[in-house]
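Source file: model.cif (mmCIF, C-alpha atoms)
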```
data_structure
loop_
_atom_site.group_PDB
_atom_site.id
_atom_site.type_symbol
_atom_site.label_atom_id
_atom_site.label_comp_id
_atom_site.auth_asym_id
_atom_site.auth_seq_id
_atom_site.Cartn_x
_atom_site.Cartn_y
_atom_site.Cartn_z
ATOM 1 C CA MET A 294 108.862 12.027 70.639
ATOM 2 C CA LYS A 295 106.116 14.035 68.982
ATOM 3 C CA PHE A 296 104.424 16.856 70.942
ATOM 4 C CA ILE A 297 102.481 18.625 68.162
ATOM 5 C CA SER A 298 101.090 17.734 64.752
ATOM 6 C CA ARG A 299 102.636 19.276 61.646
ATOM 7 C CA THR A 300 99.343 20.882 60.613
ATOM 8 C CA TYR A 301 98.783 22.485 64.001
ATOM 9 C CA ARG A 302 102.415 23.667 64.219
ATOM 10 C CA GLU A 303 102.030 25.427 60.860
ATOM 11 C CA MET A 304 98.750 27.024 61.968
ATOM 12 C CA MET A 305 100.311 28.221 65.219
ATOM 13 C CA GLN A 306 103.301 29.631 63.351
ATOM 14 C CA GLU A 307 100.858 31.731 61.317
ATOM 15 C CA MET A 308 99.070 32.873 64.467
ATOM 16 C CA LEU A 309 102.357 33.819 66.155
ATOM 17 C CA ALA A 310 103.370 35.770 63.050
ATOM 18 C CA GLU A 311 100.096 37.702 63.435
ATOM 19 C CA GLY A 312 100.979 38.703 66.999
ATOM 20 C CA TRP A 313 99.823 35.829 69.195
ATOM 21 C CA GLY A 314 101.833 34.668 72.189
ATOM 22 C CA LYS A 315 102.425 37.974 73.951
ATOM 23 C CA SER A 316 100.464 37.737 77.215
ATOM 24 C CA ALA A 317 103.015 36.151 79.587
ATOM 25 C CA TYR A 318 104.647 39.509 80.366
ATOM 26 C CA LYS A 319 101.681 40.201 82.670
ATOM 27 C CA ARG A 320 102.981 37.511 85.032
ATOM 28 C CA ALA A 321 106.545 38.816 85.272
ATOM 29 C CA GLU A 322 106.193 40.285 88.784
ATOM 30 C CA GLN A 323 104.705 37.021 90.087
ATOM 31 C CA ILE A 324 107.383 34.917 88.414
ATOM 32 C CA ALA A 325 110.144 37.162 89.774
ATOM 33 C CA SER A 326 108.741 36.752 93.299
ATOM 34 C CA ILE A 327 108.426 32.983 92.941
ATOM 35 C CA ALA A 328 111.912 32.614 91.446
ATOM 36 C CA SER A 329 113.414 34.741 94.227
ATOM 37 C CA PHE A 330 111.627 32.790 96.937
ATOM 38 C CA LEU A 331 112.671 29.437 95.448
ATOM 39 C CA ARG A 332 116.255 30.655 94.858
ATOM 40 C CA VAL A 333 116.452 29.076 91.413
ATOM 41 C CA GLU A 334 119.474 29.462 89.191
ATOM 42 C CA SER A 335 117.765 28.703 85.869
ATOM 43 C CA ILE A 336 114.315 29.194 84.346
ATOM 44 C CA LEU A 337 112.801 27.672 81.211
ATOM 45 C CA ASP A 338 109.740 29.365 79.697
ATOM 46 C CA TYR A 339 108.159 26.423 77.843
ATOM 47 C CA GLY A 340 105.760 27.626 75.163
ATOM 48 C CA CYS A 341 107.235 31.123 75.356
ATOM 49 C CA GLY A 342 105.564 32.435 72.209
ATOM 50 C CA GLN A 343 106.900 35.916 71.468
ATOM 51 C CA GLY A 344 109.147 35.851 74.548
ATOM 52 C CA THR A 345 107.465 38.722 76.377
ATOM 53 C CA LEU A 346 107.949 37.156 79.809
ATOM 54 C CA LEU A 347 111.721 37.149 79.456
ATOM 55 C CA GLN A 348 111.636 40.691 78.066
ATOM 56 C CA GLN A 349 109.565 41.929 81.009
ATOM 57 C CA LEU A 350 111.650 40.067 83.594
ATOM 58 C CA GLY A 351 114.666 41.920 82.209
ATOM 59 C CA LYS A 352 112.969 45.229 83.063
ATOM 60 C CA ILE A 353 112.224 44.303 86.668
ATOM 61 C CA LYS A 354 114.833 44.850 89.335
ATOM 62 C CA TRP A 355 114.771 41.885 91.684
ATOM 63 C CA GLU A 356 117.233 40.150 93.942
ATOM 64 C CA GLY A 357 119.101 37.339 92.267
ATOM 65 C CA LEU A 358 118.299 38.337 88.695
ATOM 66 C CA ASN A 359 121.948 38.444 87.661
ATOM 67 C CA ARG A 360 122.537 34.822 88.699
ATOM 68 C CA ILE A 361 119.595 33.298 86.836
ATOM 69 C CA ALA A 362 120.015 31.715 83.407
ATOM 70 C CA PHE A 363 116.877 32.209 81.309
ATOM 71 C CA HIS A 364 115.887 29.835 78.522
ATOM 72 C CA GLU A 365 112.961 29.865 76.116
ATOM 73 C CA TYR A 366 111.334 27.086 74.134
ATOM 74 C CA ASP A 367 108.403 27.055 71.768
ATOM 75 C CA PRO A 368 107.884 24.353 69.144
ATOM 76 C CA CYS A 369 106.133 26.882 66.903
ATOM 77 C CA VAL A 370 108.810 29.592 66.956
ATOM 78 C CA ILE A 371 111.613 28.717 64.560
ATOM 79 C CA SER A 372 114.298 30.548 66.554
ATOM 80 C CA LYS A 373 113.169 28.850 69.801
ATOM 81 C CA ASN A 374 112.160 25.338 68.725
ATOM 82 C CA LEU A 375 115.409 23.470 69.288
ATOM 83 C CA PHE A 376 116.041 21.359 72.347
ATOM 84 C CA PRO A 377 114.652 22.915 75.534
ATOM 85 C CA VAL A 378 117.185 23.324 78.333
ATOM 86 C CA PRO A 379 116.486 21.504 81.619
ATOM 87 C CA SER A 380 116.144 24.161 84.316
ATOM 88 C CA ASP A 381 115.541 24.556 88.038
ATOM 89 C CA LEU A 382 112.147 26.138 87.378
ATOM 90 C CA VAL A 383 110.153 25.202 84.291
ATOM 91 C CA LEU A 384 107.259 27.528 83.494
ATOM 92 C CA CYS A 385 104.303 26.540 81.351
ATOM 93 C CA LEU A 386 102.030 29.563 81.502
ATOM 94 C CA ASP A 387 98.761 29.497 79.597
ATOM 95 C CA VAL A 388 100.100 26.857 77.197
ATOM 96 C CA LEU A 389 98.539 23.446 77.919
ATOM 97 C CA GLU A 390 95.066 24.566 76.880
ATOM 98 C CA HIS A 391 96.556 25.206 73.418
ATOM 99 C CA VAL A 392 98.077 21.715 73.132
ATOM 100 C CA GLU A 393 96.241 19.167 71.018
ATOM 101 C CA GLU A 394 94.501 16.837 73.461
ATOM 102 C CA GLU A 395 96.235 13.702 72.157
ATOM 103 C CA PHE A 396 99.600 15.280 73.086
ATOM 104 C CA VAL A 397 98.741 16.768 76.502
ATOM 105 C CA ASP A 398 100.084 13.810 78.509
ATOM 106 C CA ARG A 399 103.342 13.742 76.559
ATOM 107 C CA VAL A 400 103.843 17.471 77.004
ATOM 108 C CA ILE A 401 103.246 17.262 80.757
ATOM 109 C CA LEU A 402 105.754 14.413 81.089
ATOM 110 C CA HIS A 403 108.212 16.381 78.949
ATOM 111 C CA LEU A 404 107.800 19.407 81.217
ATOM 112 C CA TRP A 405 108.426 17.243 84.265
ATOM 113 C CA ALA A 406 111.532 15.708 82.714
ATOM 114 C CA LEU A 407 112.913 19.199 82.051
ATOM 115 C CA ALA A 408 112.258 20.455 85.583
ATOM 116 C CA LYS A 409 115.288 20.039 87.829
ATOM 117 C CA LYS A 410 113.472 21.308 90.923
ATOM 118 C CA PHE A 411 110.116 22.930 90.158
ATOM 119 C CA LEU A 412 107.392 22.957 87.528
ATOM 120 C CA LEU A 413 104.882 25.804 87.520
ATOM 121 C CA ILE A 414 101.838 25.451 85.275
ATOM 122 C CA THR A 415 98.852 27.699 84.696
ATOM 123 C CA VAL A 416 95.941 26.622 82.514
ATOM 124 C CA SER A 417 92.842 28.529 81.455
ATOM 125 C CA LEU A 418 89.610 26.729 82.345
ATOM 126 C CA CYS A 419 87.405 28.458 79.796
ATOM 127 C CA GLU A 420 87.190 28.991 76.071
ATOM 128 C CA ALA A 421 89.345 31.672 74.515
ATOM 129 C CA ASP A 422 87.975 34.742 72.805
ATOM 130 C CA ALA A 423 90.068 33.791 69.764
ATOM 131 C CA VAL A 424 89.248 31.277 67.071
ATOM 132 C CA LEU A 425 91.798 29.363 65.015
ATOM 133 C CA PRO A 426 91.826 29.640 61.213
ATOM 134 C CA ASP A 427 90.217 26.181 61.020
ATOM 135 C CA GLY A 428 87.257 27.361 63.133
ATOM 136 C CA ARG A 429 88.164 25.697 66.430
ATOM 137 C CA ASN A 430 88.409 27.657 69.638
ATOM 138 C CA ALA A 431 92.007 28.644 70.390
ATOM 139 C CA HIS A 432 91.784 26.730 73.679
ATOM 140 C CA LEU A 433 91.751 23.173 72.393
ATOM 141 C CA VAL A 434 91.534 21.651 75.871
ATOM 142 C CA VAL A 435 88.863 23.244 78.052
ATOM 143 C CA GLN A 436 88.456 21.183 81.199
ATOM 144 C CA PRO A 437 87.558 21.910 84.839
ATOM 145 C CA LYS A 438 90.104 22.167 87.639
ATOM 146 C CA ASP A 439 89.314 18.631 88.862
ATOM 147 C CA TRP A 440 90.209 17.186 85.445
ATOM 148 C CA TRP A 441 93.620 18.877 85.530
ATOM 149 C CA ASP A 442 94.183 17.850 89.163
ATOM 150 C CA GLU A 443 93.497 14.211 88.301
ATOM 151 C CA LYS A 444 95.663 14.331 85.182
ATOM 152 C CA MET A 445 98.635 15.640 87.181
ATOM 153 C CA ARG A 446 98.115 13.085 89.936
ATOM 154 C CA GLN A 447 98.044 10.260 87.379
ATOM 155 C CA LEU A 448 101.028 11.422 85.343
ATOM 156 C CA LEU A 449 103.273 12.573 88.172
ATOM 157 C CA LYS A 450 102.241 9.889 90.684
ATOM 158 C CA GLY A 451 104.938 9.115 93.177
ATOM 159 C CA ARG A 452 107.306 11.640 91.641
ATOM 160 C CA ARG A 453 106.116 14.924 93.012
ATOM 161 C CA ILE A 454 104.514 17.035 95.663
ATOM 162 C CA ILE A 455 101.772 19.295 94.389
ATOM 163 C CA LEU A 456 101.091 22.602 96.038
ATOM 164 C CA ASP A 457 98.107 24.559 94.773
ATOM 165 C CA VAL A 458 99.065 28.121 94.031
ATOM 166 C CA SER A 459 96.814 30.915 92.952
ATOM 167 C CA MET A 460 98.109 33.128 90.197
ATOM 168 C CA ALA A 461 94.701 34.211 88.971
ATOM 169 C CA ASP A 462 94.646 37.937 88.461
ATOM 170 C CA ARG A 463 92.227 38.025 85.562
ATOM 171 C CA HIS A 464 88.473 37.649 85.341
ATOM 172 C CA LYS A 465 88.744 34.304 83.523
ATOM 173 C CA PRO A 466 89.004 31.127 85.587
ATOM 174 C CA GLU A 467 92.304 29.308 85.563
ATOM 175 C CA TRP A 468 94.074 26.492 87.376
ATOM 176 C CA SER A 469 97.657 26.602 88.526
ATOM 177 C CA PHE A 470 100.000 24.429 90.482
ATOM 178 C CA LEU A 471 103.587 24.129 91.518
ATOM 179 C CA ALA A 472 105.120 20.662 91.365
ATOM 180 C CA VAL A 473 108.235 20.089 93.426
ATOM 181 C CA LYS A 474 110.765 17.347 92.737
ATOM 182 C CA ASP A 475 110.674 14.884 95.619
ATOM 183 C CA ASP A 476 114.418 14.968 96.130
ATOM 184 C CA TRP A 477 114.590 18.765 96.457
ATOM 185 C CA LYS A 478 115.034 19.976 100.043
ATOM 186 C CA TRP A 479 113.424 23.180 101.301
#
```

Written form, structure tokens:
Amino acid sequence: MKFISRTYREMMQEMLAEGWGKSAYKRAEQIASIASFLRVESILDYGCGQGTLLQQLGKIKWEGLNRIAFHEYDPCVISKNLFPVPSDLVLCLDVLEHVEEEFVDRVILHLWALAKKFLLITVSLCEADAVLPDGRNAHLVVQPKDWWDEKMRQLLKGRRIILDVSMADRHKPEWSFLAVKDDWKW
């Protein structure tokens, strides 16, 4: 199944080579707390970019770190674009707004299929400061919170529980949620 166009993948590979995809490290403390609370044994960072989240998590001392298997996937990073590994907690942090709109539904369903227990998504709700080489804003999908809420309800209908979580620690508006597999017991 196709999740990205060839042209856009090539453009994103150029952008990553120029240093894009490094901001997830800022969320490491939050992710460590969430992973500890949920007692997950594996984490997939989907759309990991430069892999700074995993690098930063390795610097934090937190309970349970040694028992967690970390995996990274990014279709635009040659060393990380093979098959993503299904994991207890799938993270998609500041990624969906960069997905071409015609592929957003497929990517969300792919994320859900990879999540064994939990799916945590954050999405920016505003335009990026950056512009792509073709002149488009780097955030290809800029929609309000209600649009994302409805999209998740439609795509994950009957297969999830959605808990709104707030991970906003920046001055730009964002939407986040944690989806829990229905068969997982608290």

Translate the PyMOL selection byres ((chain A and resi 321) around 10) into a concrete residue list for this structure, as JSON, numbers by chain. {"A": [317, 318, 319, 320, 322, 323, 324, 325, 326, 327, 345, 346, 347, 348, 349, 350, 351, 352, 353]}

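Take atom CA of A:Glu395 and atom CA of A:Phe363: the distance between them is 29.2 Å.
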
Please evaluate the PyMOL selection byres ((chain A and resi 430) around 12) against the structure above and give the resulting residues as a PyMOL selection string. chain A and resi 390-393+419-429+431-435

For A:Leu384, list every protein, DNA or RNA residue within 10 Å, evaluated using all atoms listed in the file, and leave out those in the same chain fewer than 3 positions away; present the list as a ChimeraX atom specification. /A:324,336-341,365,380-381,387-388,404,408,411-415,471

Interatomic distance (Å, one decimal) between atom CA of A:Leu358 and atom CA of A:Val473: 21.4 Å

List the spatial neighbours of A:Lys438 as a PDB file with C-alpha atoms, in the coordinates of the input - criterion: any atom at most 9 Å away, all atoms listed in the file, same-chain residues fewer than 2 positions off excluded.
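Written output follows (selection-v5.pdb):
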```pdb
ATOM      1  CA  VAL A 416      95.941  26.622  82.514  1.00  0.00           C
ATOM      2  CA  LEU A 418      89.610  26.729  82.345  1.00  0.00           C
ATOM      3  CA  GLN A 436      88.456  21.183  81.199  1.00  0.00           C
ATOM      4  CA  TRP A 440      90.209  17.186  85.445  1.00  0.00           C
ATOM      5  CA  TRP A 441      93.620  18.877  85.530  1.00  0.00           C
ATOM      6  CA  ASP A 442      94.183  17.850  89.163  1.00  0.00           C
ATOM      7  CA  GLU A 443      93.497  14.211  88.301  1.00  0.00           C
ATOM      8  CA  GLU A 467      92.304  29.308  85.563  1.00  0.00           C
ATOM      9  CA  TRP A 468      94.074  26.492  87.376  1.00  0.00           C
ATOM     10  CA  SER A 469      97.657  26.602  88.526  1.00  0.00           C
TER      11      SER A 469
END
```

Any chance you could work out the axis-aligned box around stretch 310-322 of chain A, listed atoms only, 3 Å on each side, giving centre and edge lengths in Å to one decimal, as AutoDock Vina command-line options?
```
--center_x 103.2 --center_y 37.5 --center_z 75.9 --size_x 12.7 --size_y 11.6 --size_z 31.7
```

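In this structure, atom CA of A:Tyr366 sits 8.1 Å away from atom CA of A:Gly342.
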
Could you tell me which residues the PyMOL selection byres ((chain A and resi 309) around 12) returns for this structure, as an MDAnalysis selection string? chainID A and resid 302:308 310:316 340:344 367:371 425

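For the choices A:Ile361, A:Val378, A:Leu389, A:Leu402, the atom-to-atom distance to A:Ala328 is smallest for A:Ile361 when using all atoms listed in the file.
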
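Residue nearest A:Ile297, chosen from A:Val397, A:Val333, A:Leu386, A:Leu375 and counting only C-alpha atoms: A:Val397.
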